[in-house]
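Source file input-v2.cif; content: mmCIF, C-alpha atoms (C1' of nucleotides).
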```
data_data
loop_
_atom_site.label_atom_id
_atom_site.label_comp_id
_atom_site.auth_asym_id
_atom_site.auth_seq_id
_atom_site.Cartn_x
_atom_site.Cartn_y
_atom_site.Cartn_z
CA MET A 1 146.55 109.43 18.49
CA LYS A 2 145.92 113.12 18.10
CA ALA A 3 143.11 113.51 20.62
CA ALA A 4 145.09 111.92 23.42
CA ALA A 5 148.06 114.22 22.84
CA ARG A 6 145.79 117.23 22.74
CA LEU A 7 144.23 116.26 26.03
CA ARG A 8 147.56 115.51 27.64
CA ALA A 9 148.89 118.87 26.53
CA ALA A 10 145.94 120.46 28.30
CA GLY A 11 146.75 118.56 31.47
CA LEU A 12 143.78 116.23 31.14
CA ARG A 13 144.06 112.49 31.42
CA PRO A 14 143.04 111.09 28.05
CA THR A 15 140.18 108.84 29.02
CA ARG A 16 137.88 107.04 26.64
CA GLN A 17 135.02 109.50 27.18
CA ARG A 18 137.14 112.61 26.82
CA ALA A 19 138.75 111.32 23.68
CA ALA A 20 135.38 110.43 22.18
CA LEU A 21 133.89 113.83 22.99
CA ALA A 22 136.99 115.61 21.70
CA GLY A 23 136.62 113.57 18.55
CA LEU A 24 133.04 114.72 18.05
CA LEU A 25 133.86 118.32 18.88
CA PHE A 26 137.03 118.90 16.93
CA LYS A 27 136.83 116.62 13.95
CA GLY A 28 135.16 118.93 11.46
CA HIS A 29 134.58 122.65 11.25
CA ASP A 30 133.76 124.87 14.20
CA ARG A 31 130.67 124.10 16.18
CA HIS A 32 128.31 125.54 18.78
CA VAL A 33 126.93 122.77 20.95
CA SER A 34 124.86 122.50 24.08
CA ALA A 35 125.71 119.83 26.65
CA GLU A 36 122.43 118.07 26.03
CA ALA A 37 122.93 118.00 22.26
CA LEU A 38 126.48 116.69 22.53
CA HIS A 39 125.33 113.99 24.90
CA GLU A 40 122.65 112.83 22.47
CA GLU A 41 125.14 112.91 19.64
CA ALA A 42 127.61 110.80 21.60
CA ILE A 43 124.97 108.24 22.51
CA ARG A 44 123.83 108.06 18.89
CA ALA A 45 127.44 107.50 17.89
CA GLY A 46 127.63 104.56 20.29
CA VAL A 47 129.80 106.28 22.90
CA LYS A 48 128.88 105.24 26.43
CA VAL A 49 128.95 108.47 28.40
CA SER A 50 126.72 110.08 30.98
CA LEU A 51 125.32 113.59 30.82
CA ALA A 52 127.24 114.49 33.99
CA THR A 53 130.49 113.56 32.29
CA VAL A 54 129.58 115.62 29.25
CA TYR A 55 129.10 118.61 31.53
CA ASN A 56 132.33 117.91 33.38
CA THR A 57 134.21 117.48 30.16
CA LEU A 58 132.84 120.61 28.52
CA ASN A 59 133.75 122.62 31.60
CA GLN A 60 137.23 121.14 31.74
CA PHE A 61 137.80 121.76 28.04
CA THR A 62 136.65 125.34 28.55
CA GLN A 63 139.03 125.84 31.45
CA ALA A 64 141.81 124.32 29.38
CA GLY A 65 141.12 126.81 26.61
CA LEU A 66 139.90 124.24 24.10
CA LEU A 67 136.37 125.63 24.16
CA GLN A 68 134.67 128.92 24.81
CA GLN A 69 131.34 129.37 26.52
CA VAL A 70 128.66 131.53 24.94
CA VAL A 71 125.75 132.49 27.16
CA VAL A 72 122.77 133.49 25.12
CA ASP A 73 119.91 133.53 27.55
CA ALA A 74 119.10 132.34 31.03
CA GLN A 75 118.54 128.78 29.89
CA ARG A 76 120.63 128.32 26.84
CA CYS A 77 124.36 128.16 26.93
CA TYR A 78 126.61 126.90 24.17
CA PHE A 79 130.16 125.72 23.94
CA ASP A 80 132.06 127.03 20.95
CA THR A 81 134.95 125.13 19.41
CA ASN A 82 136.23 128.34 17.90
CA VAL A 83 138.32 129.92 20.64
CA GLY A 84 139.75 132.60 18.39
CA ASP A 85 138.75 136.25 18.47
CA HIS A 86 135.22 136.43 17.12
CA GLN A 87 131.65 137.32 18.02
CA HIS A 88 128.15 136.00 17.39
CA PHE A 89 124.84 136.57 15.69
CA PHE A 90 122.01 134.97 17.61
CA TYR A 91 118.71 133.81 16.07
CA PRO A 92 116.27 133.61 18.94
CA GLU A 93 113.62 131.66 17.05
CA GLU A 94 115.84 128.71 16.27
CA GLY A 95 118.25 129.33 19.11
CA THR A 96 121.23 129.18 16.78
CA LEU A 97 124.50 131.05 16.73
CA ILE A 98 126.54 132.17 13.76
CA ASP A 99 130.14 133.33 13.98
CA ILE A 100 131.14 136.86 13.11
CA PRO A 101 134.86 136.89 12.32
CA GLY A 102 136.87 138.91 14.81
CA ASP A 103 138.66 140.96 12.21
CA ASP A 104 135.37 142.36 10.91
CA ILE A 105 133.89 143.51 14.15
CA LYS A 106 135.64 146.02 16.36
CA VAL A 107 134.81 147.34 19.79
CA SER A 108 136.36 150.70 20.54
CA GLY A 109 136.06 153.35 23.19
CA LEU A 110 136.16 150.82 25.97
CA PRO A 111 136.88 152.62 29.23
CA SER A 112 139.93 151.13 30.90
CA ALA A 113 139.18 148.40 33.40
CA PRO A 114 138.74 149.56 36.98
CA LYS A 115 141.75 149.55 39.31
CA GLY A 116 143.04 146.11 40.13
CA MET A 117 141.05 144.51 37.34
CA GLU A 118 141.77 143.63 33.77
CA VAL A 119 139.64 142.64 30.82
CA GLU A 120 139.36 138.91 30.55
CA HIS A 121 137.04 138.73 27.58
CA VAL A 122 134.70 140.94 25.58
CA ASP A 123 131.51 139.16 24.55
CA VAL A 124 129.42 140.64 21.80
CA ILE A 125 126.11 139.05 20.94
CA VAL A 126 124.12 140.57 18.10
CA ARG A 127 120.52 139.54 18.66
CA LEU A 128 118.53 139.33 15.47
CA LYS A 129 114.83 139.38 14.78
CA ARG A 130 112.72 138.73 11.72
CA ALA A 131 112.66 141.95 9.70
CA MET B 1 100.46 159.03 41.01
CA LYS B 2 103.40 158.72 38.70
CA ALA B 3 103.81 154.95 38.83
CA ALA B 4 100.20 154.29 37.87
CA ALA B 5 100.42 156.59 34.87
CA ARG B 6 103.68 155.01 33.79
CA LEU B 7 102.13 151.57 33.94
CA ARG B 8 99.00 152.64 32.16
CA ALA B 9 101.08 154.20 29.40
CA ALA B 10 102.78 150.83 28.98
CA GLY B 11 99.44 149.11 28.67
CA LEU B 12 99.68 147.50 32.09
CA ARG B 13 96.93 147.59 34.64
CA PRO B 14 98.33 149.50 37.62
CA THR B 15 97.87 146.98 40.40
CA ARG B 16 99.19 147.28 43.91
CA GLN B 17 102.05 144.86 43.28
CA ARG B 18 103.17 146.41 40.01
CA ALA B 19 103.08 149.88 41.45
CA ALA B 20 105.11 148.78 44.46
CA LEU B 21 107.73 147.05 42.31
CA ALA B 22 107.90 149.99 39.93
CA GLY B 23 108.41 152.18 42.96
CA LEU B 24 111.35 150.12 44.12
CA LEU B 25 112.85 149.87 40.65
CA PHE B 26 112.54 153.43 39.40
CA LYS B 27 112.73 155.59 42.48
CA GLY B 28 116.46 156.21 42.61
CA HIS B 29 119.30 155.84 40.19
CA ASP B 30 119.66 153.01 37.70
CA ARG B 31 119.79 149.50 39.06
CA HIS B 32 120.65 145.94 38.10
CA VAL B 33 118.44 143.52 39.99
CA SER B 34 117.72 139.83 39.95
CA ALA B 35 114.17 138.62 40.46
CA GLU B 36 115.12 136.95 43.72
CA ALA B 37 116.77 140.10 45.08
CA LEU B 38 113.86 142.32 44.13
CA HIS B 39 111.46 139.92 45.79
CA GLU B 40 113.42 139.97 49.03
CA GLU B 41 113.62 143.73 48.88
CA ALA B 42 109.86 144.01 48.37
CA ILE B 43 109.13 141.69 51.28
CA ARG B 44 111.53 143.62 53.50
CA ALA B 45 109.73 146.79 52.50
CA GLY B 46 106.46 145.28 53.62
CA VAL B 47 105.02 144.70 50.13
CA LYS B 48 102.99 141.53 49.92
CA VAL B 49 104.03 139.97 46.62
CA SER B 50 104.96 136.47 45.48
CA LEU B 51 108.09 135.52 43.62
CA ALA B 52 105.98 134.40 40.66
CA THR B 53 104.51 137.87 40.41
CA VAL B 54 107.94 139.43 40.57
CA TYR B 55 108.98 137.29 37.61
CA ASN B 56 105.79 138.10 35.72
CA THR B 57 106.18 141.77 36.44
CA LEU B 58 109.85 141.93 35.45
CA ASN B 59 109.06 140.16 32.19
CA GLN B 60 106.13 142.44 31.48
CA PHE B 61 108.19 145.53 32.25
CA THR B 62 110.87 144.23 29.94
CA GLN B 63 108.40 143.63 27.14
CA ALA B 64 106.99 147.10 27.71
CA GLY B 65 110.47 148.57 27.34
CA LEU B 66 110.74 149.76 30.94
CA LEU B 67 113.53 147.30 31.67
CA GLN B 68 116.27 145.55 29.80
CA GLN B 69 117.47 142.03 30.45
CA VAL B 70 121.19 141.34 30.85
CA VAL B 71 122.25 137.71 30.68
CA VAL B 72 125.58 137.25 32.33
CA ASP B 73 125.90 133.54 32.77
CA ALA B 74 123.77 130.45 32.64
CA GLN B 75 122.37 131.03 36.09
CA ARG B 76 122.43 134.73 36.61
CA CYS B 77 120.25 137.14 34.78
CA TYR B 78 119.66 140.74 35.72
CA PHE B 79 117.07 143.33 34.88
CA ASP B 80 118.46 146.75 34.17
CA THR B 81 116.46 149.90 34.74
CA ASN B 82 118.66 151.75 32.31
CA VAL B 83 117.13 151.03 28.91
CA GLY B 84 119.28 153.53 27.07
CA ASP B 85 122.18 152.64 24.81
CA HIS B 86 124.92 151.30 27.03
CA GLN B 87 126.97 148.22 27.81
CA HIS B 88 128.35 146.46 30.87
CA PHE B 89 131.40 145.52 32.84
CA PHE B 90 130.91 142.26 34.72
CA TYR B 91 132.74 141.29 37.92
CA PRO B 92 132.43 137.52 38.14
CA GLU B 93 133.61 137.30 41.74
CA GLU B 94 130.85 139.45 43.14
CA GLY B 95 128.46 138.88 40.27
CA THR B 96 127.94 142.60 39.82
CA LEU B 97 127.42 144.72 36.74
CA ILE B 98 128.58 148.26 36.07
CA ASP B 99 127.27 150.42 33.27
CA ILE B 100 129.50 151.60 30.45
CA PRO B 101 127.92 154.65 28.85
CA GLY B 102 126.85 154.03 25.29
CA ASP B 103 128.59 157.07 23.85
CA ASP B 104 131.97 155.82 25.00
CA ILE B 105 131.84 152.34 23.58
CA LYS B 106 131.41 151.72 19.88
CA VAL B 107 130.94 148.54 17.90
CA SER B 108 131.93 148.84 14.28
CA GLY B 109 132.46 146.54 11.36
CA LEU B 110 129.30 144.64 12.07
CA PRO B 111 128.42 142.57 9.00
CA SER B 112 124.91 143.39 7.86
CA ALA B 113 122.24 141.12 9.26
CA PRO B 114 121.41 138.10 7.15
CA LYS B 115 118.57 138.35 4.63
CA GLY B 116 115.16 138.72 6.20
CA MET B 117 116.62 139.57 9.58
CA GLU B 118 117.46 142.79 11.34
CA VAL B 119 119.49 143.64 14.39
CA GLU B 120 117.34 143.82 17.47
CA HIS B 121 120.01 144.54 20.01
CA VAL B 122 123.78 144.40 20.39
CA ASP B 123 124.86 143.16 23.79
CA VAL B 124 128.41 143.79 24.90
CA ILE B 125 129.63 142.31 28.17
CA VAL B 126 133.18 143.06 29.21
CA ARG B 127 134.18 140.31 31.61
CA LEU B 128 136.79 141.39 34.13
CA LYS B 129 139.18 139.46 36.26
CA ARG B 130 141.49 140.38 39.09
CA ALA B 131 144.71 141.71 37.55
"C1'" DT C 1 152.47 92.14 35.59
"C1'" DT C 2 150.44 93.19 39.99
"C1'" DT C 3 149.41 96.54 43.07
"C1'" DC C 4 148.56 101.11 44.64
"C1'" DT C 5 147.00 105.61 44.28
"C1'" DT C 6 144.72 109.06 42.08
"C1'" DC C 7 141.68 110.70 38.97
"C1'" DT C 8 137.38 109.77 36.33
"C1'" DT C 9 132.85 108.13 35.46
"C1'" DT C 10 128.28 107.03 36.66
"C1'" DA C 11 123.26 107.13 37.99
"C1'" DG C 12 120.52 109.45 40.35
"C1'" DA C 13 119.56 112.90 43.69
"C1'" DA C 14 119.85 117.71 44.58
"C1'" DC C 15 119.85 122.30 43.42
"C1'" DT C 16 118.74 126.85 41.14
"C1'" DA C 17 116.33 129.71 38.33
"C1'" DT C 18 112.24 130.14 36.10
"C1'" DT C 19 107.55 129.08 34.42
"C1'" DC C 20 103.10 126.92 34.90
"C1'" DT C 21 98.54 125.86 37.09
"C1'" DA C 22 94.23 126.34 38.99
"C1'" DA C 23 91.96 128.79 42.46
"C1'" DT C 24 91.23 133.20 44.32
"C1'" DC C 25 91.22 138.04 44.13
"C1'" DT C 26 90.99 142.88 42.14
"C1'" DA C 27 90.72 146.72 38.80
"C1'" DT C 28 87.85 148.41 35.45
"C1'" DT C 29 83.53 148.82 32.77
"C1'" DG C 30 78.66 149.16 32.24
"C1'" DC D 1 77.19 147.38 42.39
"C1'" DA D 2 77.67 143.42 39.40
"C1'" DA D 3 80.06 141.40 35.71
"C1'" DT D 4 84.24 140.32 33.50
"C1'" DA D 5 88.70 140.40 32.15
"C1'" DG D 6 92.99 140.40 33.88
"C1'" DA D 7 96.30 139.73 37.94
"C1'" DT D 8 98.02 137.31 41.98
"C1'" DT D 9 99.03 133.41 44.69
"C1'" DA D 10 101.17 129.09 46.62
"C1'" DG D 11 102.90 125.40 45.30
"C1'" DA D 12 103.94 122.13 41.70
"C1'" DA D 13 106.48 121.50 37.58
"C1'" DT D 14 110.25 122.08 34.48
"C1'" DA D 15 114.94 122.82 32.60
"C1'" DG D 16 119.56 123.10 32.97
"C1'" DT D 17 123.30 122.17 35.69
"C1'" DT D 18 126.01 120.48 39.64
"C1'" DC D 19 126.74 117.29 43.43
"C1'" DT D 20 127.40 112.72 45.70
"C1'" DA D 21 129.00 108.39 46.82
"C1'" DA D 22 130.24 104.26 44.84
"C1'" DA D 23 132.47 101.79 41.19
"C1'" DG D 24 135.83 101.91 37.42
"C1'" DA D 25 140.03 103.07 34.69
"C1'" DA D 26 144.69 105.32 34.03
"C1'" DG D 27 149.47 106.04 35.39
"C1'" DA D 28 153.29 104.94 38.54
"C1'" DA D 29 155.95 101.84 41.30
"C1'" DA D 30 157.67 97.55 42.36
#
```
Let me see the structure of the file written as structure tokens.
Amino acid sequence: MKAAARLRAAGLRPTRQRAALAGLLFKGHDRHVSAEALHEEAIRAGVKVSLATVYNTLNQFTQAGLLQQVVVDAQRCYFDTNVGDHQHFFYPEEGTLIDIPGDDIKVSGLPSAPKGMEVEHVDVIVRLKRA
Amino acid sequence: MKAAARLRAAGLRPTRQRAALAGLLFKGHDRHVSAEALHEEAIRAGVKVSLATVYNTLNQFTQAGLLQQVVVDAQRCYFDTNVGDHQHFFYPEEGTLIDIPGDDIKVSGLPSAPKGMEVEHVDVIVRLKRA
DNA sequence: TTTCTTCTTTAGAACTATTCTAATCTATTG
DNA sequence: CAATAGATTAGAATAGTTCTAAAGAAGAAA
């Protein structure tokens, strides 16, 4: 069982719900999901799980470094299965995200972090509009 | 009356509430405010205005290009009086933003926008943590 | 296994930020 | 000054997320 091991390695007890959600999240290629969408998907797939647990699980996975959160606007936040160095295009009309590989994009000239602080993460969101 | 002219130029009827909020927003140096905070500030200053109007006004100002919205996390969104080219440091503990001048920071290697789309805005948020 | 403890899940309530609604009010125009 | 188009208001509604208290499942110990 791959999922269980992955969860255990992250310090998370491999419960039925976590394993099922991990299965949905990490089985194919990288994904950007909202909690609501993942919940619906799980239900459709016959997994018995509550929305609260989906939220808990997504947050735990994020803390464990299995997911990354992408905040796009005040009421839309996605969880990204690609935790590597990369950035995003955002299509406001459809509310979708597309990855920009991290080796293409480069942020330079960043002033050094203020005293006592260090950079945790640099988020770049390129907001698009219809030309 | 500067505020009135500014509003008129933006195609907004210069009402008492808008003028008062514009006064608070644009009187001093650049600011990052939340709707809630601006509302409290207005009330404290003796301006009779509802929270709904503060939201309306901030959104209208944003659409008119007088403000810029900065989305920091799923439940915190700020309005920035600095609409020039610049980016932000974010301190999660205090929930505060600090400007990074736009001529320091540079984003390069951006893939061209997909067909039929163009870049509307590039948001960079540098998330800090205690070292 | 059985039991114990701890962690997890659940439904629904609660909460937060924001937008909507319908009535009232106000700035502008004629 | 009256008419009208647009703005404001309080409070309700909504959306997304977190909390709560009770019930359930996983791991450890015997």
Report as a list in words the full result of the PyMOL selection byres ((chain D and resi 5-17) around 7) when it is applied to this structure.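 Applying the PyMOL selection byres ((chain D and resi 5-17) around 7) to the structure shown produces Gln75 of chain A; Ser50 and Thr53 of chain B; DC20 of chain C; DT4 and DT18 of chain D.
Going from atom CA of Cys77 of chain A over to atom CA of Leu51 of chain B, you cover 24.4 Å.
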Select all residues from chain B having any atom no more than 12 Å from an atom of chain A (counting only C-alpha atoms, ignoring ligands), output as an MDAnalysis selection string. chainID B and resid 34 69:79 86:93 98:131
Selected residues written out with C-alpha atoms, as an mmCIF file, keeping the file's coordinate frame:
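Generated file (part14.cif):
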```
data_model
loop_
_atom_site.group_PDB
_atom_site.id
_atom_site.type_symbol
_atom_site.label_atom_id
_atom_site.label_comp_id
_atom_site.auth_asym_id
_atom_site.auth_seq_id
_atom_site.Cartn_x
_atom_site.Cartn_y
_atom_site.Cartn_z
ATOM 1 C CA SER B 34 117.720 139.830 39.950
ATOM 2 C CA GLN B 69 117.470 142.030 30.450
ATOM 3 C CA VAL B 70 121.190 141.340 30.850
ATOM 4 C CA VAL B 71 122.250 137.710 30.680
ATOM 5 C CA VAL B 72 125.580 137.250 32.330
ATOM 6 C CA ASP B 73 125.900 133.540 32.770
ATOM 7 C CA ALA B 74 123.770 130.450 32.640
ATOM 8 C CA GLN B 75 122.370 131.030 36.090
ATOM 9 C CA ARG B 76 122.430 134.730 36.610
ATOM 10 C CA CYS B 77 120.250 137.140 34.780
ATOM 11 C CA TYR B 78 119.660 140.740 35.720
ATOM 12 C CA PHE B 79 117.070 143.330 34.880
ATOM 13 C CA HIS B 86 124.920 151.300 27.030
ATOM 14 C CA GLN B 87 126.970 148.220 27.810
ATOM 15 C CA HIS B 88 128.350 146.460 30.870
ATOM 16 C CA PHE B 89 131.400 145.520 32.840
ATOM 17 C CA PHE B 90 130.910 142.260 34.720
ATOM 18 C CA TYR B 91 132.740 141.290 37.920
ATOM 19 C CA PRO B 92 132.430 137.520 38.140
ATOM 20 C CA GLU B 93 133.610 137.300 41.740
ATOM 21 C CA ILE B 98 128.580 148.260 36.070
ATOM 22 C CA ASP B 99 127.270 150.420 33.270
ATOM 23 C CA ILE B 100 129.500 151.600 30.450
ATOM 24 C CA PRO B 101 127.920 154.650 28.850
ATOM 25 C CA GLY B 102 126.850 154.030 25.290
ATOM 26 C CA ASP B 103 128.590 157.070 23.850
ATOM 27 C CA ASP B 104 131.970 155.820 25.000
ATOM 28 C CA ILE B 105 131.840 152.340 23.580
ATOM 29 C CA LYS B 106 131.410 151.720 19.880
ATOM 30 C CA VAL B 107 130.940 148.540 17.900
ATOM 31 C CA SER B 108 131.930 148.840 14.280
ATOM 32 C CA GLY B 109 132.460 146.540 11.360
ATOM 33 C CA LEU B 110 129.300 144.640 12.070
ATOM 34 C CA PRO B 111 128.420 142.570 9.000
ATOM 35 C CA SER B 112 124.910 143.390 7.860
ATOM 36 C CA ALA B 113 122.240 141.120 9.260
ATOM 37 C CA PRO B 114 121.410 138.100 7.150
ATOM 38 C CA LYS B 115 118.570 138.350 4.630
ATOM 39 C CA GLY B 116 115.160 138.720 6.200
ATOM 40 C CA MET B 117 116.620 139.570 9.580
ATOM 41 C CA GLU B 118 117.460 142.790 11.340
ATOM 42 C CA VAL B 119 119.490 143.640 14.390
ATOM 43 C CA GLU B 120 117.340 143.820 17.470
ATOM 44 C CA HIS B 121 120.010 144.540 20.010
ATOM 45 C CA VAL B 122 123.780 144.400 20.390
ATOM 46 C CA ASP B 123 124.860 143.160 23.790
ATOM 47 C CA VAL B 124 128.410 143.790 24.900
ATOM 48 C CA ILE B 125 129.630 142.310 28.170
ATOM 49 C CA VAL B 126 133.180 143.060 29.210
ATOM 50 C CA ARG B 127 134.180 140.310 31.610
ATOM 51 C CA LEU B 128 136.790 141.390 34.130
ATOM 52 C CA LYS B 129 139.180 139.460 36.260
ATOM 53 C CA ARG B 130 141.490 140.380 39.090
ATOM 54 C CA ALA B 131 144.710 141.710 37.550
#
```
Select from chain B every residue with an atom at most 12 Å from any atom of chain D, then for each give the shortest pair of atoms and their distance in Å to one decimal, using all atoms listed in the file, rows by chain and rising number, as JSON lines.
```
{"residue": "B:Leu12", "atom": "CA", "partner": "D:DG6", "partner_atom": "C1'", "distance": 9.9}
{"residue": "B:Arg13", "atom": "CA", "partner": "D:DG6", "partner_atom": "C1'", "distance": 8.2}
{"residue": "B:Pro14", "atom": "CA", "partner": "D:DA7", "partner_atom": "C1'", "distance": 10.0}
{"residue": "B:Thr15", "atom": "CA", "partner": "D:DA7", "partner_atom": "C1'", "distance": 7.8}
{"residue": "B:Arg16", "atom": "CA", "partner": "D:DA7", "partner_atom": "C1'", "distance": 10.0}
{"residue": "B:Gln17", "atom": "CA", "partner": "D:DT8", "partner_atom": "C1'", "distance": 8.7}
{"residue": "B:Arg18", "atom": "CA", "partner": "D:DA7", "partner_atom": "C1'", "distance": 9.8}
{"residue": "B:Lys48", "atom": "CA", "partner": "D:DT8", "partner_atom": "C1'", "distance": 10.3}
{"residue": "B:Val49", "atom": "CA", "partner": "D:DT8", "partner_atom": "C1'", "distance": 8.0}
{"residue": "B:Ser50", "atom": "CA", "partner": "D:DT9", "partner_atom": "C1'", "distance": 6.7}
{"residue": "B:Leu51", "atom": "CA", "partner": "D:DT9", "partner_atom": "C1'", "distance": 9.4}
{"residue": "B:Ala52", "atom": "CA", "partner": "D:DT9", "partner_atom": "C1'", "distance": 8.1}
{"residue": "B:Thr53", "atom": "CA", "partner": "D:DT8", "partner_atom": "C1'", "distance": 6.7}
{"residue": "B:Val54", "atom": "CA", "partner": "D:DT8", "partner_atom": "C1'", "distance": 10.2}
{"residue": "B:Tyr55", "atom": "CA", "partner": "D:DT8", "partner_atom": "C1'", "distance": 11.8}
{"residue": "B:Asn56", "atom": "CA", "partner": "D:DA7", "partner_atom": "C1'", "distance": 9.9}
{"residue": "B:Thr57", "atom": "CA", "partner": "D:DA7", "partner_atom": "C1'", "distance": 10.2}
{"residue": "B:Ala74", "atom": "CA", "partner": "D:DG16", "partner_atom": "C1'", "distance": 8.5}
{"residue": "B:Gln75", "atom": "CA", "partner": "D:DT17", "partner_atom": "C1'", "distance": 8.9}
```
Please identify every residue of chain C that has at least one atom no more than 10 Å from any atom of chain B, counting only C-alpha atoms (C1' of nucleotides), and report them as a short mmCIF file (atom, residue, chain, number, x, y, z; two decimals) with C-alpha atoms (C1' of nucleotides), in the coordinates of the input.
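Writing the result to result.cif gives the following:
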```cif
data_model
loop_
_atom_site.label_atom_id
_atom_site.label_comp_id
_atom_site.auth_asym_id
_atom_site.auth_seq_id
_atom_site.Cartn_x
_atom_site.Cartn_y
_atom_site.Cartn_z
"C1'" DT C 16 118.74 126.85 41.14
"C1'" DA C 17 116.33 129.71 38.33
"C1'" DT C 18 112.24 130.14 36.10
"C1'" DT C 19 107.55 129.08 34.42
"C1'" DC C 20 103.10 126.92 34.90
"C1'" DT C 26 90.99 142.88 42.14
"C1'" DA C 27 90.72 146.72 38.80
"C1'" DT C 28 87.85 148.41 35.45
#
```
Quick one, how far is atom CA of Gly46 of chain B from atom CA of Val33 of chain B?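 Result for atom CA of Gly46 of chain B versus atom CA of Val33 of chain B: 18.2 Å, one decimal.
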Students should find that atom CA of Leu58 of chain B and atom C1' of DT24 of chain C are spaced 22.4 Å
Please determine an axis-aligned box that encloses all atoms of segment 2-20 of chain D listed in the file, with 8 Å added on each side, and express its centre and edge lengths in Å to one decimal as lines of an AutoDock Vina configuration file.
```
center_x = 102.5
center_y = 128.1
center_z = 39.4
size_x = 65.7
size_y = 46.7
size_z = 30.5
```
Using the chain letters and numbers from this file, what does the PyMOL selection byres ((chain A and resi 5-8) around 10) select? Give the answer as number ranges by chain. A: 1-4, 9-15, 18-19, 22, 61, 64, 66
Just write the chosen residues, C-alpha atoms, as a CSV table (one decimal), in the coordinates of the input.
```csv
chain,number,residue,atom,x,y,z
A,1,MET,CA,146.6,109.4,18.5
A,2,LYS,CA,145.9,113.1,18.1
A,3,ALA,CA,143.1,113.5,20.6
A,4,ALA,CA,145.1,111.9,23.4
A,9,ALA,CA,148.9,118.9,26.5
A,10,ALA,CA,145.9,120.5,28.3
A,11,GLY,CA,146.8,118.6,31.5
A,12,LEU,CA,143.8,116.2,31.1
A,13,ARG,CA,144.1,112.5,31.4
A,14,PRO,CA,143.0,111.1,28.0
A,15,THR,CA,140.2,108.8,29.0
A,18,ARG,CA,137.1,112.6,26.8
A,19,ALA,CA,138.8,111.3,23.7
A,22,ALA,CA,137.0,115.6,21.7
A,61,PHE,CA,137.8,121.8,28.0
A,64,ALA,CA,141.8,124.3,29.4
A,66,LEU,CA,139.9,124.2,24.1
```
Test item: write chain C with C-alpha atoms (C1' of nucleotides) as a compact mmCIF listing (two decimals), in the first residue's frame:
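out_38.txt, written as the output of this step:
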```txt
# COMPACT_ATOMS: atom_id res chain seq x y z
C1' DT C 1 -7.84 -11.02 21.06
C1' DT C 2 -9.57 -7.69 24.29
C1' DT C 3 -8.97 -3.46 26.19
C1' DC C 4 -7.29 1.14 26.50
C1' DT C 5 -5.91 5.39 24.81
C1' DT C 6 -5.43 8.55 21.39
C1' DC C 7 -6.44 10.33 17.22
C1' DT C 8 -10.02 10.86 13.57
C1' DT C 9 -14.46 11.53 11.64
C1' DT C 10 -18.96 13.34 11.51
C1' DA C 11 -23.14 16.39 11.12
C1' DG C 12 -24.40 20.40 12.00
C1' DA C 13 -23.73 24.76 14.13
C1' DA C 14 -20.88 28.74 14.14
C1' DC C 15 -18.07 32.02 12.19
C1' DT C 16 -16.00 35.44 8.85
C1' DA C 17 -15.85 37.99 4.93
C1' DT C 18 -18.55 39.63 1.48
C1' DT C 19 -22.65 40.57 -1.38
C1' DC C 20 -27.55 41.23 -1.94
C1' DT C 21 -32.18 43.42 -1.16
C1' DA C 22 -35.67 46.59 -0.85
C1' DA C 23 -36.65 50.85 1.18
C1' DT C 24 -35.00 55.36 1.84
C1' DC C 25 -32.21 59.16 0.73
C1' DT C 26 -29.31 62.47 -2.12
C1' DA C 27 -26.80 64.55 -6.03
C1' DT C 28 -27.62 66.21 -10.38
C1' DT C 29 -30.43 67.80 -14.32
C1' DG C 30 -34.07 70.33 -16.43
```
